[in-house]
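Following: one structure in structure tokens, then a few remarks.
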Amino acid sequence: MKKMNVESFNLDHTKVAAPYVRLAGEKTGSNGDTIKKYDIRFKQPNKEHMDMPGLHSLEHMMAEHSRNHSDQIIDIGPMGCQTGFYLSVINHDDYEDILRILEATLTDVIAADEVPACNEVQCGWAASHSLEGAHELAKEMLAKKDEWRQVFKEETA
């Protein structure tokens with residue numbers, strides 16, 4: 001395939017094994033700050049996806065709660081394909097700590113009894129939310145945390 005400008009477009013989505021957390025990119029700014037982008041894949045590409053109300057609520061909840069566990073988070077946002085999220089951090093080089101932050105954040109999501117900023121003043125589509133959907137997605141991801149480090153399917157001979 002032709003090399004693309006977008007890193008994820010160069011990833012063979014038929015060879016990955018969701019769920020996983022992988023470093024998807026790194027940039028260094030002119031002042032030496034580094035930004036790392038992680039691919040946090042909840043669902044197997046082209047096989048399953050997250051429904052929008054649950055994904056939308058999970059986005060709100062992870063964006064809010066993740067910042068309780070690190071001041072190095074720039075952003076967390078959903079993939080358009082509805083299979084995962086991108087997490088961007090600044091000056092953070094510890095993959096194991098990223099996994100810890102994700103686990104703590106998902107634990108917070110499960111314990112939450114409301115979706116933050118779930119109203120017309122703070123959200124662009126406030127009618128599209130599901131607290132229960134977010135809870136279920138977080139539970140599914142946490143249940144497979146032992147798989148997060150393995151990005152690719154094991155090759156069979």
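Letters A, B, ... mark the chains of the structure tokens in the order given; residue numbers begin at 1 per chain; ligand numbers begin at 1, in order shown.
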
Which residues are close to Asp97 in chain A, i.e. within 10 Å by only C-alpha atoms, leaving aside same-chain residues fewer than 5 positions away? Reply as a ChimeraX atom specification.
/A:69-70,92,102-103

Might you pull out every residue within 12 Å of Lys2 in chain A, with only C-alpha atoms counted and same-chain residues fewer than 5 positions away left off, and present them as a PyMOL selection string?
chain A and resi 9-11

Could you write those residues out with all heavy atoms, as a short mmCIF file (atom, residue, chain, number, x, y, z; two decimals), in the first residue's frame?
```
data_model
loop_
_atom_site.label_atom_id
_atom_site.label_comp_id
_atom_site.auth_asym_id
_atom_site.auth_seq_id
_atom_site.Cartn_x
_atom_site.Cartn_y
_atom_site.Cartn_z
N PHE A 9 -3.45 5.21 9.16
CA PHE A 9 -3.79 4.74 7.82
C PHE A 9 -2.74 3.76 7.30
O PHE A 9 -2.98 3.03 6.35
CB PHE A 9 -3.93 5.89 6.84
CG PHE A 9 -5.09 6.82 7.11
CD1 PHE A 9 -5.17 8.03 6.43
CD2 PHE A 9 -6.09 6.52 8.02
CE1 PHE A 9 -6.22 8.90 6.66
CE2 PHE A 9 -7.14 7.39 8.26
CZ PHE A 9 -7.20 8.59 7.57
N ASN A 10 -1.58 3.74 7.94
CA ASN A 10 -0.51 2.81 7.57
C ASN A 10 -0.53 1.55 8.43
O ASN A 10 0.25 0.64 8.19
CB ASN A 10 0.86 3.50 7.69
CG ASN A 10 0.99 4.65 6.71
OD1 ASN A 10 0.75 4.48 5.52
ND2 ASN A 10 1.33 5.82 7.21
N LEU A 11 -1.42 1.49 9.39
CA LEU A 11 -1.56 0.33 10.26
C LEU A 11 -2.47 -0.69 9.58
O LEU A 11 -3.56 -0.35 9.14
CB LEU A 11 -2.18 0.76 11.60
CG LEU A 11 -2.49 -0.34 12.60
CD1 LEU A 11 -1.21 -0.94 13.16
CD2 LEU A 11 -3.36 0.22 13.73
#
```

Can you list, as a PDB file with N, CA, C and O atoms, in the first residue's frame, every protein, DNA or RNA residue that comes within 12 Å of Val115 in chain A when you count only C-alpha atoms, leaving out same-chain residues fewer than 6 positions away?
```pdb
ATOM      1  N   PRO A  53     -24.144   6.724  21.619  1.00  0.00           N
ATOM      2  CA  PRO A  53     -24.453   7.288  22.937  1.00  0.00           C
ATOM      3  C   PRO A  53     -23.479   6.826  24.031  1.00  0.00           C
ATOM      4  O   PRO A  53     -23.028   7.638  24.846  1.00  0.00           O
ATOM      5  N   GLY A  54     -23.128   5.544  24.048  1.00  0.00           N
ATOM      6  CA  GLY A  54     -22.167   5.048  25.031  1.00  0.00           C
ATOM      7  C   GLY A  54     -20.781   5.601  24.801  1.00  0.00           C
ATOM      8  O   GLY A  54     -20.088   6.009  25.739  1.00  0.00           O
ATOM      9  N   LEU A  55     -20.346   5.624  23.551  1.00  0.00           N
ATOM     10  CA  LEU A  55     -19.037   6.188  23.195  1.00  0.00           C
ATOM     11  C   LEU A  55     -18.974   7.655  23.593  1.00  0.00           C
ATOM     12  O   LEU A  55     -17.996   8.105  24.183  1.00  0.00           O
ATOM     13  N   HIS A  56     -20.020   8.418  23.283  1.00  0.00           N
ATOM     14  CA  HIS A  56     -20.056   9.846  23.589  1.00  0.00           C
ATOM     15  C   HIS A  56     -19.942  10.083  25.091  1.00  0.00           C
ATOM     16  O   HIS A  56     -19.159  10.921  25.551  1.00  0.00           O
ATOM     17  N   SER A  57     -20.696   9.323  25.869  1.00  0.00           N
ATOM     18  CA  SER A  57     -20.623   9.463  27.324  1.00  0.00           C
ATOM     19  C   SER A  57     -19.270   9.025  27.858  1.00  0.00           C
ATOM     20  O   SER A  57     -18.701   9.666  28.751  1.00  0.00           O
ATOM     21  N   LEU A  58     -18.730   7.948  27.305  1.00  0.00           N
ATOM     22  CA  LEU A  58     -17.398   7.488  27.717  1.00  0.00           C
ATOM     23  C   LEU A  58     -16.356   8.551  27.415  1.00  0.00           C
ATOM     24  O   LEU A  58     -15.450   8.788  28.218  1.00  0.00           O
ATOM     25  N   GLU A  59     -16.477   9.209  26.274  1.00  0.00           N
ATOM     26  CA  GLU A  59     -15.554  10.305  25.940  1.00  0.00           C
ATOM     27  C   GLU A  59     -15.610  11.401  26.999  1.00  0.00           C
ATOM     28  O   GLU A  59     -14.576  11.839  27.515  1.00  0.00           O
ATOM     29  N   HIS A  60     -16.808  11.868  27.332  1.00  0.00           N
ATOM     30  CA  HIS A  60     -16.946  12.904  28.357  1.00  0.00           C
ATOM     31  C   HIS A  60     -16.325  12.455  29.671  1.00  0.00           C
ATOM     32  O   HIS A  60     -15.596  13.212  30.319  1.00  0.00           O
ATOM     33  N   MET A  61     -16.620  11.234  30.051  1.00  0.00           N
ATOM     34  CA  MET A  61     -16.177  10.735  31.349  1.00  0.00           C
ATOM     35  C   MET A  61     -14.669  10.530  31.390  1.00  0.00           C
ATOM     36  O   MET A  61     -14.007  10.897  32.371  1.00  0.00           O
ATOM     37  N   MET A  62     -14.096   9.963  30.326  1.00  0.00           N
ATOM     38  CA  MET A  62     -12.645   9.773  30.315  1.00  0.00           C
ATOM     39  C   MET A  62     -11.919  11.113  30.235  1.00  0.00           C
ATOM     40  O   MET A  62     -10.885  11.295  30.883  1.00  0.00           O
ATOM     41  N   ALA A  63     -12.458  12.040  29.442  1.00  0.00           N
ATOM     42  CA  ALA A  63     -11.821  13.358  29.340  1.00  0.00           C
ATOM     43  C   ALA A  63     -11.777  14.031  30.706  1.00  0.00           C
ATOM     44  O   ALA A  63     -10.752  14.614  31.094  1.00  0.00           O
ATOM     45  N   GLU A  64     -12.859  13.955  31.441  1.00  0.00           N
ATOM     46  CA  GLU A  64     -12.927  14.587  32.761  1.00  0.00           C
ATOM     47  C   GLU A  64     -12.119  13.814  33.806  1.00  0.00           C
ATOM     48  O   GLU A  64     -11.273  14.376  34.498  1.00  0.00           O
ATOM     49  N   HIS A  65     -12.350  12.518  33.927  1.00  0.00           N
ATOM     50  CA  HIS A  65     -11.731  11.737  35.004  1.00  0.00           C
ATOM     51  C   HIS A  65     -10.243  11.480  34.790  1.00  0.00           C
ATOM     52  O   HIS A  65      -9.499  11.377  35.769  1.00  0.00           O
ATOM     53  N   ASP A 108     -12.965   4.884  37.544  1.00  0.00           N
ATOM     54  CA  ASP A 108     -13.769   6.064  37.876  1.00  0.00           C
ATOM     55  C   ASP A 108     -15.060   6.108  37.059  1.00  0.00           C
ATOM     56  O   ASP A 108     -16.121   6.462  37.574  1.00  0.00           O
ATOM     57  N   VAL A 109     -14.962   5.762  35.773  1.00  0.00           N
ATOM     58  CA  VAL A 109     -16.137   5.754  34.904  1.00  0.00           C
ATOM     59  C   VAL A 109     -17.189   4.801  35.452  1.00  0.00           C
ATOM     60  O   VAL A 109     -18.371   5.139  35.544  1.00  0.00           O
ATOM     61  N   GLN A 122     -23.108  22.716  27.720  1.00  0.00           N
ATOM     62  CA  GLN A 122     -21.733  22.236  27.695  1.00  0.00           C
ATOM     63  C   GLN A 122     -21.442  21.182  26.631  1.00  0.00           C
ATOM     64  O   GLN A 122     -20.293  20.776  26.481  1.00  0.00           O
ATOM     65  N   CYS A 123     -22.454  20.731  25.910  1.00  0.00           N
ATOM     66  CA  CYS A 123     -22.270  19.638  24.951  1.00  0.00           C
ATOM     67  C   CYS A 123     -22.999  19.947  23.655  1.00  0.00           C
ATOM     68  O   CYS A 123     -24.124  20.451  23.673  1.00  0.00           O
ATOM     69  N   ALA A 126     -26.237  16.931  23.364  1.00  0.00           N
ATOM     70  CA  ALA A 126     -26.538  16.459  24.718  1.00  0.00           C
ATOM     71  C   ALA A 126     -27.566  15.336  24.752  1.00  0.00           C
ATOM     72  O   ALA A 126     -27.612  14.571  25.711  1.00  0.00           O
ATOM     73  N   ALA A 127     -28.373  15.207  23.713  1.00  0.00           N
ATOM     74  CA  ALA A 127     -29.386  14.148  23.679  1.00  0.00           C
ATOM     75  C   ALA A 127     -28.778  12.775  23.418  1.00  0.00           C
ATOM     76  O   ALA A 127     -29.417  11.757  23.651  1.00  0.00           O
ATOM     77  N   SER A 128     -27.546  12.734  22.950  1.00  0.00           N
ATOM     78  CA  SER A 128     -26.897  11.473  22.579  1.00  0.00           C
ATOM     79  C   SER A 128     -25.912  11.022  23.656  1.00  0.00           C
ATOM     80  O   SER A 128     -24.695  11.166  23.499  1.00  0.00           O
ATOM     81  N   HIS A 129     -26.430  10.517  24.755  1.00  0.00           N
ATOM     82  CA  HIS A 129     -25.588  10.023  25.851  1.00  0.00           C
ATOM     83  C   HIS A 129     -26.200   8.769  26.443  1.00  0.00           C
ATOM     84  O   HIS A 129     -27.410   8.568  26.396  1.00  0.00           O
ATOM     85  N   SER A 130     -25.335   7.933  27.016  1.00  0.00           N
ATOM     86  CA  SER A 130     -25.786   6.754  27.742  1.00  0.00           C
ATOM     87  C   SER A 130     -24.789   6.429  28.850  1.00  0.00           C
ATOM     88  O   SER A 130     -23.692   5.923  28.581  1.00  0.00           O
ATOM     89  N   LEU A 131     -25.157   6.745  30.071  1.00  0.00           N
ATOM     90  CA  LEU A 131     -24.331   6.400  31.226  1.00  0.00           C
ATOM     91  C   LEU A 131     -24.135   4.893  31.293  1.00  0.00           C
ATOM     92  O   LEU A 131     -23.009   4.411  31.492  1.00  0.00           O
ATOM     93  N   GLU A 132     -25.217   4.137  31.087  1.00  0.00           N
ATOM     94  CA  GLU A 132     -25.134   2.678  31.140  1.00  0.00           C
ATOM     95  C   GLU A 132     -24.210   2.151  30.033  1.00  0.00           C
ATOM     96  O   GLU A 132     -23.448   1.209  30.255  1.00  0.00           O
ATOM     97  N   GLY A 133     -24.299   2.741  28.852  1.00  0.00           N
ATOM     98  CA  GLY A 133     -23.424   2.338  27.752  1.00  0.00           C
ATOM     99  C   GLY A 133     -21.966   2.587  28.075  1.00  0.00           C
ATOM    100  O   GLY A 133     -21.103   1.750  27.798  1.00  0.00           O
ATOM    101  N   ALA A 134     -21.670   3.735  28.681  1.00  0.00           N
ATOM    102  CA  ALA A 134     -20.296   4.048  29.074  1.00  0.00           C
ATOM    103  C   ALA A 134     -19.801   3.080  30.129  1.00  0.00           C
ATOM    104  O   ALA A 134     -18.661   2.603  30.078  1.00  0.00           O
ATOM    105  N   HIS A 135     -20.667   2.782  31.096  1.00  0.00           N
ATOM    106  CA  HIS A 135     -20.305   1.803  32.133  1.00  0.00           C
ATOM    107  C   HIS A 135     -19.952   0.454  31.506  1.00  0.00           C
ATOM    108  O   HIS A 135     -18.942  -0.165  31.868  1.00  0.00           O
TER     109      HIS A 135
END
```

Can you pull out every residue within 6 Å of range 20-24 of chain A, counting only C-alpha atoms, but drop anything in the same chain fewer than 2 positions away, and send it as a list of chain:residue names?
A:Ala18, A:Lys37, A:Tyr38, A:Asp39, A:Ile40, A:Arg41, A:Trp148, A:Arg149, A:Val151

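Coordinates place CA of Phe152 in chain A at a distance of 25.1 Å from CA of Asp75 in chain A.
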
With only C-alpha atoms as the counted atoms, please give the residues lying no more than 7 Å from range 48-50 of chain A, apart from itself and same-chain residues fewer than 5 positions off, as number ranges by chain.
A: 43, 55, 82-83

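Near Ser66 in chain A, within a cut-off of 8 Å and counting only C-alpha atoms, sit the residues Ile73, Ile101, Leu102, Ala104 and Thr105 of chain A, with same-chain residues fewer than 6 positions away left out.
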
Can you write just those residues out, N, CA, C and O atoms, as a tab-separated table (two decimals), in the first residue's frame?
```tsv
chain	number	residue	atom	x	y	z
A	73	ILE	N	-1.99	15.16	30.48
A	73	ILE	CA	-2.94	14.82	29.42
A	73	ILE	C	-3.29	16.07	28.63
A	73	ILE	O	-3.69	17.08	29.21
A	101	ILE	N	-3.01	4.98	34.33
A	101	ILE	CA	-3.95	6.10	34.20
A	101	ILE	C	-5.24	5.62	33.55
A	101	ILE	O	-6.34	5.97	34.00
A	102	LEU	N	-5.12	4.81	32.51
A	102	LEU	CA	-6.30	4.29	31.83
A	102	LEU	C	-7.13	3.42	32.78
A	102	LEU	O	-8.35	3.56	32.85
A	104	ALA	N	-7.22	3.47	36.08
A	104	ALA	CA	-7.83	4.31	37.11
A	104	ALA	C	-9.00	5.11	36.54
A	104	ALA	O	-10.05	5.26	37.19
A	105	THR	N	-8.84	5.60	35.32
A	105	THR	CA	-9.91	6.38	34.67
A	105	THR	C	-11.13	5.52	34.42
A	105	THR	O	-12.26	5.93	34.70
```

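Closest approach to Lys36 in chain A among A:Met4, A:Ala17, A:Cys81, A:Ile90 is made by A:Ile90 (distances from only C-alpha atoms).
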
Computed interatomic separation between CA of Met79 in chain A and CA of Asp113 in chain A (Å)
24.8 Å

Which residues in range 13-85 of chain A does DSSP call helix (DSSP H, G or I)? List them as a PyMOL selection string.
chain A and resi 52-66

Could those residues be written to a file, using N, CA, C and O atoms, as a compact mmCIF listing (two decimals), in the first residue's frame?
```txt
# COMPACT_ATOMS: atom_id res chain seq x y z
N MET A 52 -22.85 5.05 19.47
CA MET A 52 -22.55 6.46 19.72
C MET A 52 -22.96 6.98 21.10
O MET A 52 -22.15 7.66 21.73
N PRO A 53 -24.14 6.72 21.62
CA PRO A 53 -24.45 7.29 22.94
C PRO A 53 -23.48 6.83 24.03
O PRO A 53 -23.03 7.64 24.85
N GLY A 54 -23.13 5.54 24.05
CA GLY A 54 -22.17 5.05 25.03
C GLY A 54 -20.78 5.60 24.80
O GLY A 54 -20.09 6.01 25.74
N LEU A 55 -20.35 5.62 23.55
CA LEU A 55 -19.04 6.19 23.20
C LEU A 55 -18.97 7.65 23.59
O LEU A 55 -18.00 8.11 24.18
N HIS A 56 -20.02 8.42 23.28
CA HIS A 56 -20.06 9.85 23.59
C HIS A 56 -19.94 10.08 25.09
O HIS A 56 -19.16 10.92 25.55
N SER A 57 -20.70 9.32 25.87
CA SER A 57 -20.62 9.46 27.32
C SER A 57 -19.27 9.02 27.86
O SER A 57 -18.70 9.67 28.75
N LEU A 58 -18.73 7.95 27.30
CA LEU A 58 -17.40 7.49 27.72
C LEU A 58 -16.36 8.55 27.42
O LEU A 58 -15.45 8.79 28.22
N GLU A 59 -16.48 9.21 26.27
CA GLU A 59 -15.55 10.30 25.94
C GLU A 59 -15.61 11.40 27.00
O GLU A 59 -14.58 11.84 27.51
N HIS A 60 -16.81 11.87 27.33
CA HIS A 60 -16.95 12.90 28.36
C HIS A 60 -16.32 12.46 29.67
O HIS A 60 -15.60 13.21 30.32
N MET A 61 -16.62 11.23 30.05
CA MET A 61 -16.18 10.73 31.35
C MET A 61 -14.67 10.53 31.39
O MET A 61 -14.01 10.90 32.37
N MET A 62 -14.10 9.96 30.33
CA MET A 62 -12.65 9.77 30.32
C MET A 62 -11.92 11.11 30.24
O MET A 62 -10.88 11.30 30.88
N ALA A 63 -12.46 12.04 29.44
CA ALA A 63 -11.82 13.36 29.34
C ALA A 63 -11.78 14.03 30.71
O ALA A 63 -10.75 14.61 31.09
N GLU A 64 -12.86 13.95 31.44
CA GLU A 64 -12.93 14.59 32.76
C GLU A 64 -12.12 13.81 33.81
O GLU A 64 -11.27 14.38 34.50
N HIS A 65 -12.35 12.52 33.93
CA HIS A 65 -11.73 11.74 35.00
C HIS A 65 -10.24 11.48 34.79
O HIS A 65 -9.50 11.38 35.77
N SER A 66 -9.79 11.37 33.55
CA SER A 66 -8.36 11.09 33.31
C SER A 66 -7.47 12.19 33.88
O SER A 66 -6.37 11.92 34.35
```

Could you please determine the separation between CA of Gln44 in chain A and CA of Thr14 in chain A in Å, to one decimal place?
8.9 Å

Selection near Gly77 in chain A, 7 Å with only C-alpha atoms, sequence-local residues under 3 positions removed, as a PyMOL selection string
chain A and resi 59+85-87
